[in-house]
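Here is my_file.csv, consisting of CSV, C-alpha atoms:
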```
chain,number,residue,atom,x,y,z
A,1,MET,CA,95.8,105.3,74.5
A,2,VAL,CA,92.3,104.0,74.3
A,3,SER,CA,91.4,101.9,71.2
A,4,GLU,CA,88.6,102.8,68.9
A,5,ARG,CA,86.7,99.7,70.0
A,6,GLU,CA,86.9,100.6,73.7
A,7,PHE,CA,85.7,104.1,72.8
A,8,THR,CA,82.7,102.9,70.8
A,9,ASN,CA,81.8,100.6,73.6
A,10,GLN,CA,81.8,103.5,76.0
A,11,ILE,CA,79.7,105.5,73.5
A,12,GLU,CA,77.3,102.6,73.2
A,13,SER,CA,76.6,102.8,76.9
A,14,CYS,CA,75.7,106.5,76.7
A,15,ARG,CA,74.3,106.8,73.2
A,16,GLY,CA,70.9,107.8,74.6
A,17,ILE,CA,72.5,111.2,75.4
A,18,ILE,CA,73.4,111.8,71.8
A,19,PHE,CA,70.0,110.8,70.6
A,20,LYS,CA,68.3,113.0,73.1
A,21,VAL,CA,70.3,116.1,72.1
A,22,ILE,CA,69.7,115.4,68.4
A,23,ARG,CA,66.0,114.9,68.8
A,24,LEU,CA,65.6,118.1,70.7
A,25,TYR,CA,67.3,120.3,68.2
A,26,VAL,CA,67.0,118.6,64.8
A,27,ARG,CA,63.9,117.8,62.7
A,28,ASP,CA,65.5,116.7,59.5
A,29,GLU,CA,66.5,113.1,59.0
A,30,GLU,CA,69.6,114.0,57.0
A,31,ASP,CA,70.7,116.4,59.7
A,32,GLU,CA,70.1,113.7,62.3
A,33,LYS,CA,72.4,111.3,60.5
A,34,ASP,CA,75.0,114.0,59.9
A,35,LEU,CA,75.0,115.2,63.4
A,36,PHE,CA,75.2,111.8,64.9
A,37,GLN,CA,78.3,111.1,62.9
A,38,GLU,CA,79.7,114.6,63.6
A,39,ILE,CA,79.2,114.1,67.4
A,40,LEU,CA,81.0,110.8,67.2
A,41,PHE,CA,83.8,112.4,65.2
A,42,GLN,CA,84.2,115.3,67.6
A,43,ALA,CA,84.0,113.0,70.6
A,44,TRP,CA,86.7,110.7,69.2
A,45,LYS,CA,89.0,113.5,68.3
A,46,SER,CA,88.6,115.1,71.7
A,47,TYR,CA,88.7,112.0,73.8
A,48,PRO,CA,92.5,112.1,74.4
A,49,ARG,CA,91.9,115.3,76.3
A,50,PHE,CA,89.1,113.8,78.5
A,51,ASP,CA,90.7,113.8,81.9
A,52,GLY,CA,88.0,111.9,83.8
A,53,ARG,CA,87.3,114.8,86.2
A,54,SER,CA,83.7,114.7,85.2
A,55,LYS,CA,81.6,111.6,84.3
A,56,PHE,CA,81.9,110.4,80.7
A,57,SER,CA,78.2,111.0,80.3
A,58,THR,CA,78.5,114.6,81.3
A,59,TRP,CA,81.5,115.1,79.0
A,60,LEU,CA,79.5,113.5,76.1
A,61,TYR,CA,76.5,115.7,76.8
A,62,ARG,CA,78.8,118.7,76.5
A,63,VAL,CA,80.4,117.5,73.2
A,64,SER,CA,76.9,116.8,71.8
A,65,LEU,CA,75.5,120.2,72.7
A,66,ASN,CA,78.6,122.1,71.5
A,67,THR,CA,78.5,120.2,68.2
A,68,VAL,CA,74.8,120.5,67.6
A,69,LEU,CA,74.7,124.3,68.4
A,70,THR,CA,77.7,125.1,66.2
A,71,PHE,CA,76.7,122.9,63.3
A,72,LYS,CA,75.1,124.4,60.1
A,73,ARG,CA,71.7,122.8,60.1
A,74,ARG,CA,68.8,122.9,57.7
A,75,PRO,CA,66.1,125.4,58.6
A,76,LEU,CA,63.5,124.3,61.0
A,77,LYS,CA,59.8,124.3,60.1
A,78,VAL,CA,57.5,126.0,62.5
A,79,VAL,CA,55.8,123.5,64.8
A,80,THR,CA,52.2,124.1,65.7
A,81,HIS,CA,49.8,121.9,67.5
A,82,GLU,CA,48.0,121.2,64.2
A,83,ASN,CA,51.0,119.5,62.8
A,84,PHE,CA,52.0,117.7,66.0
A,85,GLU,CA,50.9,114.4,64.3
A,86,SER,CA,53.8,114.7,62.0
A,87,LEU,CA,56.3,114.8,64.8
A,88,PRO,CA,58.1,111.5,65.7
A,89,VAL,CA,57.0,111.8,69.3
A,90,ALA,CA,53.3,111.4,68.2
A,91,ALA,CA,54.0,108.1,66.6
A,92,GLU,CA,55.1,106.5,69.9
A,93,LYS,CA,52.4,104.5,71.7
A,94,GLY,CA,51.8,105.2,75.3
A,95,ASN,CA,52.5,108.9,75.2
A,96,THR,CA,50.2,110.8,77.4
A,97,GLU,CA,48.9,114.3,76.6
A,98,GLU,CA,51.3,115.6,79.3
A,99,THR,CA,54.4,114.2,77.7
A,100,GLU,CA,53.3,115.4,74.3
A,101,ALA,CA,52.6,118.9,75.6
A,102,LEU,CA,55.9,119.1,77.4
A,103,TYR,CA,57.8,118.0,74.3
A,104,LEU,CA,56.1,120.7,72.3
A,105,ALA,CA,56.5,123.3,74.9
A,106,ILE,CA,60.2,122.6,75.1
A,107,ARG,CA,60.6,122.6,71.3
A,108,GLU,CA,59.0,126.0,71.2
A,109,LEU,CA,61.7,127.5,73.5
A,110,ASN,CA,64.7,129.1,72.0
A,111,GLU,CA,67.8,126.9,71.7
A,112,ILE,CA,69.6,128.2,74.7
A,113,ASP,CA,66.6,128.0,77.0
A,114,ARG,CA,65.9,124.5,75.6
A,115,MET,CA,69.4,123.5,76.6
A,116,ILE,CA,69.2,125.0,80.1
A,117,VAL,CA,65.8,123.4,80.9
A,118,THR,CA,66.7,119.9,79.6
A,119,LEU,CA,70.0,119.9,81.6
A,120,HIS,CA,67.9,120.9,84.6
A,121,LEU,CA,65.3,118.2,83.9
A,122,ASP,CA,68.1,115.7,83.5
A,123,GLY,CA,69.2,116.5,87.1
A,124,TYR,CA,72.2,118.8,86.6
A,125,GLU,CA,72.8,121.4,89.3
A,126,ASN,CA,72.8,125.1,88.4
A,127,GLU,CA,76.5,125.2,88.9
A,128,GLU,CA,77.0,122.4,86.3
A,129,ILE,CA,74.6,124.0,83.9
A,130,ALA,CA,76.5,127.3,84.2
A,131,GLU,CA,79.8,125.4,83.6
A,132,ILE,CA,78.4,123.7,80.5
A,133,SER,CA,76.7,126.7,79.0
A,134,GLY,CA,79.1,129.6,79.9
A,135,LEU,CA,76.4,131.5,81.8
A,136,THR,CA,77.1,132.7,85.4
A,137,LYS,CA,75.4,130.7,88.2
A,138,ASN,CA,73.1,133.6,89.0
A,139,ASN,CA,72.0,134.0,85.4
A,140,THR,CA,71.4,130.3,85.2
A,141,ALA,CA,69.1,130.4,88.2
A,142,VAL,CA,67.2,133.5,86.9
A,143,LYS,CA,66.8,132.0,83.5
A,144,LEU,CA,65.7,128.6,84.7
A,145,HIS,CA,63.1,130.2,87.0
A,146,ARG,CA,61.6,132.1,84.0
A,147,ILE,CA,61.7,129.1,81.7
A,148,LYS,CA,60.0,126.9,84.3
A,149,GLU,CA,57.3,129.6,84.7
A,150,THR,CA,56.8,129.7,80.9
A,151,LEU,CA,56.6,126.0,80.6
A,152,THR,CA,54.2,125.6,83.5
A,153,LYS,CA,52.0,128.3,82.1
A,154,LYS,CA,52.0,126.7,78.6
A,155,LEU,CA,51.1,123.3,80.0
A,156,LYS,CA,48.3,124.8,82.2
A,157,ASP,CA,46.8,126.6,79.1
A,158,LEU,CA,46.4,123.3,77.3
G,1,MET,CA,52.3,119.0,87.2
G,2,ASP,CA,55.8,117.7,88.1
G,3,LEU,CA,57.9,118.6,85.1
G,4,GLN,CA,60.7,116.2,86.1
G,5,GLU,CA,58.3,113.2,86.2
G,6,VAL,CA,56.8,114.0,82.8
G,7,TRP,CA,60.3,114.5,81.4
G,8,LYS,CA,61.4,111.0,82.6
G,9,LYS,CA,58.4,109.5,80.8
G,10,LEU,CA,59.1,111.5,77.7
G,11,GLU,CA,62.7,110.4,77.7
G,12,LYS,CA,61.8,106.7,78.0
G,13,ASN,CA,59.2,106.9,75.3
G,14,LYS,CA,60.8,109.0,72.7
G,15,LEU,CA,64.0,110.9,73.2
G,16,GLU,CA,66.3,107.9,73.5
G,17,LYS,CA,64.9,106.2,70.5
G,18,PRO,CA,67.9,105.5,68.2
G,19,VAL,CA,68.8,107.9,65.4
G,20,LEU,CA,69.5,106.1,62.2
G,21,GLY,CA,73.1,104.9,62.0
G,22,THR,CA,75.5,102.8,64.0
G,23,VAL,CA,78.3,103.8,66.3
G,24,GLU,CA,81.0,103.9,63.8
G,25,ILE,CA,83.6,106.7,63.7
G,26,ARG,CA,84.0,108.3,60.4
G,27,LYS,CA,87.3,110.1,59.6
G,28,LYS,CA,85.7,113.1,58.0
G,29,SER,CA,83.7,115.9,59.6
G,30,LYS,CA,80.9,117.9,58.0
G,31,HIS,CA,81.2,120.8,60.4
G,32,PRO,CA,81.4,124.4,58.8
G,33,VAL,CA,85.0,124.6,60.0
G,34,GLN,CA,85.9,121.5,58.1
G,35,LYS,CA,84.1,122.9,55.0
G,36,LEU,CA,86.3,126.0,55.3
G,37,LYS,CA,89.4,123.8,55.7
G,38,ASN,CA,88.4,121.9,52.5
G,39,ALA,CA,87.9,125.2,50.7
G,40,TYR,CA,91.5,126.1,51.7
G,41,LEU,CA,92.8,122.9,50.2
G,42,GLN,CA,90.9,123.5,47.0
G,43,THR,CA,92.2,127.0,46.7
G,44,THR,CA,95.7,125.8,47.4
G,45,GLY,CA,95.3,123.2,44.6
G,46,PHE,CA,93.9,125.8,42.2
G,47,SER,CA,96.6,128.4,42.9
G,48,LEU,CA,99.2,125.7,42.4
G,49,ALA,CA,97.7,124.8,39.0
G,50,PHE,CA,97.5,128.4,38.0
G,51,LEU,CA,101.1,129.0,39.2
G,52,ILE,CA,102.4,126.1,37.0
G,53,GLY,CA,100.3,127.5,34.1
G,54,PHE,CA,101.8,131.0,34.5
G,55,ILE,CA,105.4,129.6,34.7
G,56,VAL,CA,104.8,127.7,31.5
G,57,LEU,CA,103.4,130.9,29.9
G,58,PHE,CA,106.4,132.9,31.2
G,59,PHE,CA,108.7,130.8,29.0
G,60,MET,CA,106.3,130.8,26.1
G,61,PHE,CA,106.0,134.6,25.6
G,62,PRO,CA,109.1,136.3,24.3
G,63,GLU,CA,107.9,139.9,24.9
G,64,PRO,CA,109.8,141.4,27.9
G,65,ILE,CA,106.7,143.4,29.1
G,66,VAL,CA,104.6,140.2,29.2
G,67,LYS,CA,107.5,138.5,31.1
G,68,VAL,CA,107.5,141.3,33.6
G,69,GLY,CA,103.7,141.1,34.0
G,70,LEU,CA,103.8,137.3,34.4
G,71,ALA,CA,106.7,137.5,36.8
G,72,LEU,CA,104.5,139.7,39.0
G,73,VAL,CA,101.6,137.3,38.7
G,74,ILE,CA,103.9,134.4,39.6
G,75,VAL,CA,105.1,136.2,42.7
G,76,GLY,CA,101.4,137.0,43.6
G,77,TYR,CA,100.3,133.4,43.2
G,78,VAL,CA,103.3,132.1,45.2
G,79,PHE,CA,102.2,134.3,48.0
G,80,PHE,CA,98.5,133.2,47.5
G,81,PHE,CA,99.5,129.5,47.5
G,82,VAL,CA,101.7,129.9,50.6
G,83,VAL,CA,99.1,131.7,52.7
G,84,ASN,CA,96.3,129.4,51.7
G,85,PHE,CA,98.3,126.3,52.4
G,86,ASN,CA,99.3,127.7,55.8
G,87,MET,CA,95.7,128.4,56.6
G,88,TYR,CA,94.8,124.9,55.6
G,89,ARG,CA,97.4,123.5,57.9
G,90,LYS,CA,96.4,125.7,60.8
G,91,VAL,CA,92.7,125.0,60.8
G,92,ASN,CA,91.7,122.7,63.7
G,93,VAL,CA,88.4,121.0,63.0
G,94,VAL,CA,88.1,119.7,66.5
G,95,LEU,CA,85.9,121.9,68.6
G,96,PRO,CA,87.1,123.1,72.0
G,97,VAL,CA,84.7,120.7,73.7
G,98,ASP,CA,86.5,121.0,77.0
G,99,GLN,CA,85.3,124.6,77.1
G,100,ASN,CA,81.8,125.7,77.7
G,101,LEU,CA,79.2,126.2,74.9
G,102,LYS,CA,79.7,129.9,74.8
G,103,SER,CA,83.4,129.5,74.1
G,104,ALA,CA,82.9,126.8,71.5
G,105,MET,CA,80.4,129.0,69.7
G,106,GLN,CA,82.6,132.0,70.0
G,107,HIS,CA,85.5,130.0,68.6
G,108,THR,CA,83.5,128.9,65.6
G,109,TYR,CA,82.1,132.3,65.0
G,110,ASP,CA,85.5,134.1,65.2
G,111,PHE,CA,87.1,131.5,63.0
G,112,ILE,CA,84.5,131.7,60.2
G,113,THR,CA,84.4,135.5,60.3
G,114,ALA,CA,88.3,135.8,60.2
G,115,ASN,CA,88.4,133.4,57.3
G,116,ILE,CA,85.7,135.4,55.4
G,117,HIS,CA,87.7,138.6,55.9
G,118,PHE,CA,90.9,136.8,54.8
G,119,GLN,CA,89.3,135.6,51.6
G,120,GLU,CA,87.8,139.0,50.8
G,121,TYR,CA,91.2,140.7,51.2
G,122,THR,CA,93.2,138.2,49.4
G,123,ALA,CA,90.6,138.6,46.5
G,124,VAL,CA,91.4,142.3,46.5
G,125,PHE,CA,95.1,141.5,46.3
G,126,ILE,CA,95.0,138.7,43.7
G,127,TYR,CA,92.3,139.9,41.3
G,128,PRO,CA,94.0,143.0,40.0
G,129,ILE,CA,97.1,141.0,39.3
G,130,ALA,CA,95.2,138.2,37.6
G,131,ALA,CA,93.1,140.7,35.6
G,132,SER,CA,96.2,142.6,34.4
G,133,ALA,CA,98.0,139.4,33.5
G,134,GLY,CA,95.0,138.2,31.5
G,135,PHE,CA,94.8,141.5,29.7
G,136,LEU,CA,98.5,141.4,28.8
G,137,MET,CA,98.3,137.8,27.6
G,138,GLY,CA,95.2,138.5,25.6
G,139,GLY,CA,96.9,141.5,24.0
G,140,ALA,CA,100.0,139.5,23.2
G,141,VAL,CA,98.0,136.7,21.6
G,142,GLY,CA,95.5,138.9,19.8
G,143,SER,CA,97.7,141.7,18.4
G,144,GLY,CA,100.9,139.8,18.1
G,145,ASP,CA,102.7,143.0,19.0
G,146,ILE,CA,102.4,143.6,22.7
G,147,ASP,CA,105.1,146.3,22.7
G,148,GLY,CA,103.2,148.3,20.0
G,149,MET,CA,99.9,147.7,21.8
G,150,LEU,CA,101.3,149.1,25.1
G,151,GLN,CA,102.4,152.3,23.3
G,152,LYS,CA,98.8,153.2,22.8
G,153,LYS,CA,97.3,155.4,25.5
G,154,PHE,CA,93.8,153.9,25.4
G,155,VAL,CA,95.2,150.4,25.9
G,156,ILE,CA,96.9,151.5,29.2
G,157,ILE,CA,93.6,153.2,30.2
G,158,ALA,CA,91.7,150.0,29.4
G,159,LEU,CA,94.2,148.0,31.5
G,160,ILE,CA,93.8,150.3,34.5
G,161,VAL,CA,90.0,150.4,34.1
G,162,THR,CA,89.9,146.6,33.9
G,163,ALA,CA,91.8,146.3,37.2
G,164,ILE,CA,89.7,149.0,38.8
G,165,VAL,CA,86.4,147.5,37.8
G,166,LEU,CA,87.2,143.9,38.4
G,167,THR,CA,88.7,144.4,41.9
G,168,PRO,CA,85.6,145.7,43.7
G,169,ILE,CA,83.5,143.2,41.8
G,170,ALA,CA,85.7,140.4,43.0
G,171,PHE,CA,85.6,141.7,46.5
G,172,TYR,CA,81.9,142.1,46.7
G,173,LEU,CA,81.3,138.8,44.8
G,174,THR,CA,83.4,137.0,47.4
G,175,ARG,CA,81.6,138.7,50.2
G,176,TRP,CA,78.2,137.8,48.7
G,177,LEU,CA,79.2,134.2,48.2
G,178,TYR,CA,80.3,133.9,51.8
G,179,LYS,CA,77.1,135.6,53.0
G,180,VAL,CA,75.0,133.1,51.0
G,181,SER,CA,77.1,130.2,52.4
G,182,TYR,CA,77.7,131.2,56.0
G,183,GLY,CA,75.5,134.3,56.7
G,184,LYS,CA,72.6,132.4,58.3
G,185,CYS,CA,75.0,130.1,60.3
G,186,LEU,CA,76.9,133.2,61.6
G,187,LYS,CA,73.7,135.1,62.5
G,188,GLU,CA,72.4,132.1,64.5
G,189,LEU,CA,75.7,131.7,66.3
G,190,LYS,CA,75.8,135.4,67.2
G,191,GLU,CA,72.3,135.3,68.5
G,192,ARG,CA,73.1,132.3,70.8
G,193,ILE,CA,76.3,134.0,72.0
G,194,ASP,CA,74.5,137.2,72.8
G,195,GLU,CA,71.8,135.2,74.6
G,196,LEU,CA,74.5,133.7,76.8
G,197,GLU,CA,76.4,137.0,77.3
G,198,ASN,CA,73.3,139.1,78.1
G,199,PRO,CA,70.8,136.6,79.3
G,200,ASN,CA,68.4,139.0,81.1
```
Will you turn the file into structure tokens for me?
Amino acid sequence: MVSEREFTNQIESCRGIIFKVIRLYVRDEEDEKDLFQEILFQAWKSYPRFDGRSKFSTWLYRVSLNTVLTFKRRPLKVVTHENFESLPVAAEKGNTEETEALYLAIRELNEIDRMIVTLHLDGYENEEIAEISGLTKNNTAVKLHRIKETLTKKLKDL
Amino acid sequence: MDLQEVWKKLEKNKLEKPVLGTVEIRKKSKHPVQKLKNAYLQTTGFSLAFLIGFIVLFFMFPEPIVKVGLALVIVGYVFFFVVNFNMYRKVNVVLPVDQNLKSAMQHTYDFITANIHFQEYTAVFIYPIAASAGFLMGGAVGSGDIDGMLQKKFVIIALIVTAIVLTPIAFYLTRWLYKVSYGKCLKELKERIDELENPN
């Protein structure tokens, strides 16, 4: 039985995954805090069933996505290019137009497409994406192809 | 443009920036399933309090007809207490994270929907009993002669009408309250499940 201390140390090493998922789906500060705690709670409670067949980071990615997408969140405001300045990404120095555009384009996708493309961009194979999402491998490939086309078109238009 | 390259830059710049809060495990969840579990505990507590109140009243009122009415109410509330407490014990707030996202969402959706139906139908069962008991007690206190009061035809009609009117009101009020609380959450979950089931 792993101790709470050992578990939090393991989480610390992969906390970027939790932040990333939260940033992609949540825009409200209270929701961010609540979801961060909720993911930790769900991960801690489910950890005894973690069998080590996948990497801890993959497992945590799955816990984070499942938690965020089943959680009752506050309504999102519509993001437009005009209010891009208000987004946290804009405050970061060193962001290029390309990164800003990609961030916005991904945020404009629906939540399922957002999940699929971010998993892909993080280097997950179609088979793994299918396993995490519940889609078939073929549907994952078709969807991913369409999403990439949409993103590329959006980025070219800018 | 290579999306993967831009993504890596974006990740470094922004997405891994810490969210407020430290890695500290809290013992309580704020998930909708946990909120429903809390609601079961509250309902269990309230039904126990009412049950004790009705038992006290049972011994306070000497009129046999009121005792019969209260005995029915007590049986109803014992049932209400037991089913709510059982539901509270059964609710598992830990998501099936070992399963895929579609299963986790379906699990949450089914659980919330089943609980809303459960609450609606228990409202149908418990409200006529509670309304009739309230009517009988009010009559006993107000008239001081419940036996005489129940001899009057219009009192019996009023009792039936009270139960008939209050029951659907309670049913639809419960439905509306759950729609306000969980309607949007359920709609979004359904849309995401549909998207995964029929993606093309």
Notebook entry, point to check: Nearest to Lys45 in chain A among G:Pro32, G:Tyr40, G:Val94, G:Val6, with distances taken over only C-alpha atoms: which residue is it?
Noted result: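 Once distances to Lys45 in chain A are computed over only C-alpha atoms, the minimum belongs to G:Val94.
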Margin query: From (84.4, 123.2, 64.0), in the file's coordinates, out to 7 Å: which residues are reached, counting only C-alpha atoms? Answer as an MDAnalysis selection string.
Written below: chainID G and resid 31:34 93:95 108
Just to be explicit: take each residue in the selection above, keep C-alpha atoms, and write the result as a PDB file, keeping the file's coordinate frame.
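So result_24.pdb came out as:
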```
ATOM      1  CA  HIS G  31      81.200 120.800  60.400  1.00  0.00           C
ATOM      2  CA  PRO G  32      81.400 124.400  58.800  1.00  0.00           C
ATOM      3  CA  VAL G  33      85.000 124.600  60.000  1.00  0.00           C
ATOM      4  CA  GLN G  34      85.900 121.500  58.100  1.00  0.00           C
ATOM      5  CA  VAL G  93      88.400 121.000  63.000  1.00  0.00           C
ATOM      6  CA  VAL G  94      88.100 119.700  66.500  1.00  0.00           C
ATOM      7  CA  LEU G  95      85.900 121.900  68.600  1.00  0.00           C
ATOM      8  CA  THR G 108      83.500 128.900  65.600  1.00  0.00           C
TER       9      THR G 108
END
```
Check: Near Ile147 in chain A, within 7 Å and counting all atoms listed in the file, which residues show up once chain neighbours fewer than 4 positions away are dropped, as a list in words?
Finding: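 Neighbouring residues, sequence-local ones excluded: Asp113, Lys143 and Leu151 of chain A.
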Could you write out the selected residues, including C-alpha atoms, as a compact mmCIF listing (two decimals), in the coordinates of the input?
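Final output, out_36.txt:
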```txt
# COMPACT_ATOMS: atom_id res chain seq x y z
CA ASP A 113 66.60 128.00 77.00
CA LYS A 143 66.80 132.00 83.50
CA LEU A 151 56.60 126.00 80.60
```
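Every protein or nucleic acid residue with an atom no more than 10 Å from Phe50 in chain A, counting all atoms listed in the file and leaving out same-chain residues fewer than 4 positions away, appears here: A:Ala43, A:Ser46, A:Ser54, A:Lys55, A:Phe56, A:Trp59, A:Leu60, G:Val97, G:Asp98.
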Go ahead and save the picked residues with C-alpha atoms, as an mmCIF file, in the coordinates of the input.
```cif
data_model
loop_
_atom_site.group_PDB
_atom_site.id
_atom_site.type_symbol
_atom_site.label_atom_id
_atom_site.label_comp_id
_atom_site.auth_asym_id
_atom_site.auth_seq_id
_atom_site.Cartn_x
_atom_site.Cartn_y
_atom_site.Cartn_z
ATOM 1 C CA ALA A 43 84.000 113.000 70.600
ATOM 2 C CA SER A 46 88.600 115.100 71.700
ATOM 3 C CA SER A 54 83.700 114.700 85.200
ATOM 4 C CA LYS A 55 81.600 111.600 84.300
ATOM 5 C CA PHE A 56 81.900 110.400 80.700
ATOM 6 C CA TRP A 59 81.500 115.100 79.000
ATOM 7 C CA LEU A 60 79.500 113.500 76.100
ATOM 8 C CA VAL G 97 84.700 120.700 73.700
ATOM 9 C CA ASP G 98 86.500 121.000 77.000
#
```
Next item on the list: Just give me the gap between CA of Arg5 in chain A and CA of Asn92 in chain G in Å, one decimal is fine.
Entry: 24.4 Å
Item checked: Counting all atoms listed in the file, the option among G:Val155, G:Ala170, G:Ile25, G:Leu51 closest to chain A -> G:Ile25
Next item on the list: Write out as a list in words the residues lying within 12 Å of Glu127 in chain A, counting only C-alpha atoms and excluding same-chain residues fewer than 6 positions away.
Entry: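 Listed by chain and then number, they are Ile116, Leu119, His120, Ser133, Gly134, Leu135, Thr136, Lys137, Asn138, Asn139, Thr140 and Ala141 of chain A.
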Margin query: Excluding Tyr109 in chain G and its own-chain neighbours fewer than 6 positions away, which residues fall within 8 Å of it when counting all atoms listed in the file? Please give them as a list in words.
Written below: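 Here the answer would be Leu186, Leu189 and Lys190 of chain G.
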Just-selected residues, C-alpha atoms written as a PDB file, in the coordinates of the input:
```pdb
ATOM      1  CA  LEU G 186      76.900 133.200  61.600  1.00  0.00           C
ATOM      2  CA  LEU G 189      75.700 131.700  66.300  1.00  0.00           C
ATOM      3  CA  LYS G 190      75.800 135.400  67.200  1.00  0.00           C
TER       4      LYS G 190
END
```
Item checked: Selected residue of minimal separation from Met87 in chain G among G:Leu150, G:Ala39, G:Ile156, G:Leu173, counting all atoms listed in the file ->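 Among the listed residues, G:Ala39 lies closest to Met87 in chain G.
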